[in-house]
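These notes are about the structure you will find just below.
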Amino acid sequence: MVLELQKPRPIWQIMFSTHHTDVGLLYLITSLAFLFLGGALALAIRAELFLPGAQIIGDAMTFNRIFTVHGTTLIFLFIIPFASAVGNYFVPIMVRYKDMAYPKLNAIAFWMIPPSGALIWLGFADFTWYATPPYSIISAPGPAADMWIFGLKILGVSSVLGAINFVVTILKCKHPDMSIGQVPLLAWSFLSSSLIILVAIPTFAAALLMLLTDRLGVSGFFNPALGGDPIAYAHLFWFTFHPEVYVLVIPAIGMMYEIIPRFSRRPIYSYGSGVFAFVLLSIVGFSSWAHHMYATGMSFTEKTVFMVGTLAAVPASAMHVFNFIATMWNGRIRFSTPMMWAVGGIALFFSAGAGGVVNSAMPLDFTTHDTYWVVGHFHLFVMGTIAFGSIGYLYYMFPYVTGRMYNETMGKIHFVMSFIGTVLVFFTQHVLGLYGMPRRIFDYPPIPEWIAMNQIASIGAMIIGVSMVVFLVNMIHSSAKGEPANTDDPFGVGGRYYYPFEAKNPSH
Amino acid sequence: MAGHHSNWPEWIYIGIVVALMTWVGAEAWEVERLIEHVPADAEIIKVTGQQWFWTFEHEDGTKEIGELHLEAGKAYKFEVVATDVIHSFNIHDYVVLIDAVPGRVNTVWFAPDEPGVHDIQCREYCGLIHYNMRGTLYVEEPSS
């Protein structure tokens with residue numbers, strides 16, 4: 001058992017360790033630290049937009065830097081490292097191997113994250129998480145922009161190293177008695193998302209280098225003044241980052257596949273359809289990237305192709321939702337904190353997907369594109385689905401990591417407040433988008449509907465903010481002073497919790 | 001793959017989802033095809049986006065900055081360009097949206113049906129004053 005805080009160790013022992021649970025713990029703490037940092041920036045944005053005119057943030061440039069770093073932090077420094085934390089803890093156990101396939105590579109992949117986080121935060125770039133040229137080439141102030149580019153470059157390498165490790169661990173190191181058709185769905189989710197990373201990331205890695213040389217003035221790939229084309233960057237960026245959306249969401253779905261059968265006290269409705277939907281999504285995910293670019297002046301044929309590619313991803317996502325509901329059907333469901341987060345996450349996943357269909361339909365996209373509709377839409381994925389699945393899983397793995405139980409009441413308060421807040425912020429932002437408010441604006445004209453919607457969204461954000469304080473107190477207090485957990489079945493739902501490898505292999 | 005139980009509910013459900021998506025796609029295709037058909041008599045307005053204002057040039061050479069005066073009942077085709085970074089030309093009330101990309105000419109058309117005043121805004125992040133890169137469209141009574 002890992003019991004990190006029951007058997008205190010000097011911190012350097014964890015930092016220099018290459019054992020998968022230690023690297024997992026490092027990933028976990030780092031990602032949660034960035035969750036709170038990025039979340040604080042979100043609160044600043046919402047406070048600023050509560051009313052038209054400047055409120056707490058003095059100028060537009062600071063505001064632009066804040067939303068850029070907010071997005072970059074929560075995608076690259078919270079969601080991805082959090083998934084790596086879960087993968088590090090549980091993938092080796094699920095494939096019954098002593099560690100990750102390449103432990104040193106694993107530690108190296110982790111240790112690339114703090115320096116890139118430092119580059120992103122010390123630079124505080126302003127060109128949005130999309131670094132759109134030619135703005136990012138000719139207008140964005142350095143050294144912030146260059147530090148962001150280097151930070152993302154390092155994170156890309158870290159992702160690729162992590163992905164190689166997961167693929168090899170799952171395919172090559174799984175127990176010989178275990179066929180690939182017996183690997184749990186959580187491990188399947190890491191296999192699918194790692195394969196997407198390996199195919200998708202190199203394109204953006206190339207685009208980042210081109211962006212850097214363009215900034216240095218030695219090339220003009222994306223600079224129209226030198227004969228380049230900024231739309232080429234859009235294609236390279238979205239070829240990586242549309243599939244990357246699935247890299248973010250697939251592990252969170254995998255976590256829900258662990259939680260939902262356990263707390264429904266029924267086996268998963270269809271293991272086969274879960275695997276099929278993961279694999280299908282990771283292939284179809286590559287056929288939809290330019291749906292982010294309908295307004296760039298694409299031809300009717302191009303738009304049609306990418307609309308069809310986008311709609312093709314819907315059945316795969318819908319299969320997961322079906323699988324979850326069919327598993328819960330007639331189950332003896334126990335609504336402990338992890339289950340509440342997972343079920344809330346499914347509901348918001350469904351809402352996010354339904355909004356996505358609207359975006360993909362060409363004529364409707366011209367109403368929603370680059371408005372707050374899109375902000376609401378993708379936040380229902382990143383917050384409503386991915387963060388909900390991840391936080392649910394964090395509560396679920398809490399006894400495994402600490403050997404203690406979290407406070408159930410506080411966990412439930414955290415969920416209820418976060419759920420209400422998420423609905424208030426992001427459903428409202430959809431409506432705000434229909435009223436025409438563009439994204440990424442520091443100030444807005446005093447249109448009564450805009451003010452009302454922004455105020456609802458800001459109040460929702462403050463509710464989430466308070467719930468996160470409850471969360472933080474619960475995590476810190478419970479890991480130090482929580483009741484010792486029954487590590488065989490901490491949630492009292494029957495069946496087995498996780499057996500660590502060491503339990504069966506005491507000599508390790 | 002469903003083990004010991006039959007999986008027909010899932011197949012019916014997937015069938016419904018696929019049918020729904022096909023319907024959405026077909027309908028979107030049909031509407032977009034109609035929208036992209038520019039009337040032959042559309043008057044051309046040249047739109048230039050730059051940090052952080054819009055310039056409009058009518059067919060007769062008249063230029064306007066930040067304001068655009070058009071007549072109700074006529075079709076207009078915007079030829080949208082940018083001089084520095086990417087902007088996005090947007091009249092939300094008429095669902096007019098097209099990126100202004102340096103080095104490219106993008107077109108979009110519309111036909112205002114009745115007199116009124118509408119907001120013009122930039123919908124692609126373009127830097128410091130992006131939030132205030134706004135203009136006003138005045139749709140006036142037909143002159144004839």
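Labeling convention for the structure tokens: chains A, B, ... as they appear, residues from 1 per chain, ligands from 1 in order of appearance.
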
List every residue of chain A that has an atom at most 6 Å from any atom of chain B, and for each one report the closest atom pair and its distance in Å to one decimal, counting only C-alpha atoms, with rows sorted by chain and then by increasing residue number, as a tab-separated table.
residue	atom	partner	partner_atom	distance
A:Ala60	CA	B:Leu128	CA	5.9
A:Met61	CA	B:Leu128	CA	5.7
A:Pro134	CA	B:Val85	CA	5.3
A:Tyr135	CA	B:Val85	CA	5.2
A:Pro224	CA	B:Gly103	CA	5.7
A:Ser270	CA	B:Ala2	CA	5.2
A:Gly272	CA	B:Met1	CA	4.9
A:Ala295	CA	B:Ile98	CA	5.0
A:Thr296	CA	B:Asp99	CA	5.0
A:Gly297	CA	B:Asn106	CA	5.5
A:Ala361	CA	B:Ala28	CA	5.4
A:Met362	CA	B:Ala28	CA	5.9
A:Pro363	CA	B:Glu32	CA	5.5
A:Phe366	CA	B:Leu97	CA	5.9
A:Thr367	CA	B:Val95	CA	5.7
A:Asp370	CA	B:Arg123	CA	5.9
A:Gly436	CA	B:His92	CA	5.8
A:Pro438	CA	B:Arg123	CA	5.4
A:Ile441	CA	B:Tyr131	CA	4.5
A:Phe442	CA	B:Tyr131	CA	5.8
A:Asp443	CA	B:Tyr131	CA	5.9

Quick one: residues within 7 Å of Val284 (chain A), only C-alpha atoms counted, chain neighbours fewer than 4 positions away excluded, as a PDB file with N, CA and C atoms, in the first residue's frame?
ATOM      1  N   LEU A 280     -12.557   3.961 -31.876  1.00  0.00           N
ATOM      2  CA  LEU A 280     -13.237   4.720 -32.931  1.00  0.00           C
ATOM      3  C   LEU A 280     -12.997   6.219 -32.764  1.00  0.00           C
ATOM      4  N   GLY A 309     -16.955  14.835 -40.871  1.00  0.00           N
ATOM      5  CA  GLY A 309     -15.953  14.242 -39.985  1.00  0.00           C
ATOM      6  C   GLY A 309     -16.268  14.504 -38.525  1.00  0.00           C
ATOM      7  N   ALA A 312     -19.306  12.530 -37.316  1.00  0.00           N
ATOM      8  CA  ALA A 312     -18.985  11.106 -37.201  1.00  0.00           C
ATOM      9  C   ALA A 312     -18.448  10.758 -35.820  1.00  0.00           C
ATOM     10  N   ALA A 313     -17.936  11.759 -35.086  1.00  0.00           N
ATOM     11  CA  ALA A 313     -17.404  11.473 -33.753  1.00  0.00           C
ATOM     12  C   ALA A 313     -18.520  11.366 -32.716  1.00  0.00           C
TER      13      ALA A 313
END

According to DSSP computed on the backbone, where in region 14-142 of chain B is there alpha helix (DSSP H)? Give the residues as a ChimeraX atom specification.
/B:14-35

File of the preceding selection, C-alpha atoms, as an mmCIF file, in the first residue's frame:
data_model
loop_
_atom_site.group_PDB
_atom_site.id
_atom_site.type_symbol
_atom_site.label_atom_id
_atom_site.label_comp_id
_atom_site.auth_asym_id
_atom_site.auth_seq_id
_atom_site.Cartn_x
_atom_site.Cartn_y
_atom_site.Cartn_z
ATOM 1 C CA ILE B 14 -26.735 4.126 -32.067
ATOM 2 C CA GLY B 15 -29.094 3.935 -35.036
ATOM 3 C CA ILE B 16 -31.088 6.855 -33.646
ATOM 4 C CA VAL B 17 -27.923 8.897 -33.018
ATOM 5 C CA VAL B 18 -26.614 8.212 -36.526
ATOM 6 C CA ALA B 19 -29.996 9.123 -38.044
ATOM 7 C CA LEU B 20 -30.087 12.372 -36.050
ATOM 8 C CA MET B 21 -26.560 13.316 -37.103
ATOM 9 C CA THR B 22 -27.355 12.524 -40.741
ATOM 10 C CA TRP B 23 -30.388 14.767 -40.539
ATOM 11 C CA VAL B 24 -28.386 17.614 -38.936
ATOM 12 C CA GLY B 25 -25.669 17.252 -41.572
ATOM 13 C CA ALA B 26 -28.082 17.153 -44.513
ATOM 14 C CA GLU B 27 -30.050 20.136 -43.271
ATOM 15 C CA ALA B 28 -26.869 22.144 -42.603
ATOM 16 C CA TRP B 29 -25.557 21.264 -46.069
ATOM 17 C CA GLU B 30 -28.786 22.416 -47.704
ATOM 18 C CA VAL B 31 -28.965 25.712 -45.784
ATOM 19 C CA GLU B 32 -25.277 26.531 -46.266
ATOM 20 C CA ARG B 33 -25.587 25.842 -50.011
ATOM 21 C CA LEU B 34 -28.396 28.419 -50.231
ATOM 22 C CA ILE B 35 -26.523 30.940 -48.073
#

Which of B:Ser143, B:Thr55, B:Thr136, B:Thr62 sits closest to Val81 (chain B) [using only C-alpha atoms]
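The shortest atom-to-atom distance to Val81 (chain B) comes from B:Thr55.
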
Give me the residues near region 357-359 of chain A as a compact mmCIF listing (two decimals) with C-alpha atoms, in the first residue's frame, where near means some atom within 7 Å (using only C-alpha atoms) and where sequence neighbours in that chain fewer than 3 positions away do not count.
# COMPACT_ATOMS: atom_id res chain seq x y z
CA LEU A 311 -20.59 14.54 -36.78
CA GLY A 353 -21.81 17.14 -26.89
CA ALA A 354 -25.25 18.45 -27.81
CA LEU A 364 -25.14 27.67 -37.13
CA ASP A 365 -21.40 27.91 -36.55
CA THR A 368 -21.62 30.70 -32.35

Interatomic distance, CA of Arg332 (chain A) to CA of Gly345 (chain A) (Å, one decimal)
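Result for CA of Arg332 (chain A) versus CA of Gly345 (chain A): 19.4 Å, one decimal.
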
Quick one: everything within 7 Å of Phe110 (chain B), counting only C-alpha atoms, minus sequence neighbours fewer than 2 positions away in the same chain. Send it as an mmCIF file with C-alpha atoms, in the first residue's frame.
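Output contents, as saved in part.cif:
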data_model
loop_
_atom_site.group_PDB
_atom_site.id
_atom_site.type_symbol
_atom_site.label_atom_id
_atom_site.label_comp_id
_atom_site.auth_asym_id
_atom_site.auth_seq_id
_atom_site.Cartn_x
_atom_site.Cartn_y
_atom_site.Cartn_z
ATOM 1 C CA ALA B 75 -27.885 42.824 -51.426
ATOM 2 C CA TYR B 76 -24.310 43.599 -50.426
ATOM 3 C CA LYS B 77 -21.180 41.540 -50.850
ATOM 4 C CA PRO B 112 -30.639 43.843 -44.810
#

Region 476-484 of chain A: which residues within 6 Å, counting only C-alpha atoms, same-chain residues fewer than 5 positions away excluded, as a list of chain:residue names?
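Selected residues are A:Thr402, A:Arg404, A:Met405, A:Tyr406.
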
Mind writing the picked residues with N, CA and C atoms as a JSON list (two decimals), in the first residue's frame?
[["chain", "number", "residue", "atom", "x", "y", "z"],
["A", 402, "THR", "N", -3.47, 7.84, 0.26],
["A", 402, "THR", "CA", -3.13, 8.30, 1.61],
["A", 402, "THR", "C", -3.38, 7.26, 2.69],
["A", 404, "ARG", "N", -6.11, 7.02, 4.09],
["A", 404, "ARG", "CA", -7.13, 7.65, 4.94],
["A", 404, "ARG", "C", -8.37, 7.93, 4.12],
["A", 405, "MET", "N", -9.47, 8.25, 4.80],
["A", 405, "MET", "CA", -10.68, 8.64, 4.10],
["A", 405, "MET", "C", -10.80, 10.16, 4.12],
["A", 406, "TYR", "N", -11.31, 10.69, 3.03],
["A", 406, "TYR", "CA", -11.66, 12.11, 3.00],
["A", 406, "TYR", "C", -12.96, 12.30, 3.75]]

So which bits of chain B end up strand (DSSP E) when you DSSP the backbone, as a ChimeraX atom specification?
/B:43-50,53-57,63-65,67-71,76-82,87-91,96-100,106-110,116-122,134-140

From the list B:Ile12, B:Ala82, B:Ile45, B:Val139, which residue is nearest Glu59 (chain B) when using only C-alpha atoms?
B:Ile45

Can you pull out every residue within 7 Å of region 92-99 of chain A, counting only C-alpha atoms, but drop anything in the same chain fewer than 6 positions away, and send it as number ranges by chain?
A: 19-20, 170, 173-175, 183-184, 187, 500-501

Would you mind listing what lies within 12 Å of Phe16 (chain A) as a list in words, with only C-alpha atoms counted and same-chain residues fewer than 5 positions away left out?
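Everything that qualifies: Pro10, Ile11, Asp22, Val23, Leu26, Pro103, Lys104, Asn106, Ala107, Ile108, Phe110 and Trp111 of chain A.
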
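Residue nearest Ala72 (chain B) within the list B:Pro115, B:Trp8, B:Leu137, B:Ala42: B:Pro115 [criterion: smallest interatomic distance, only C-alpha atoms].
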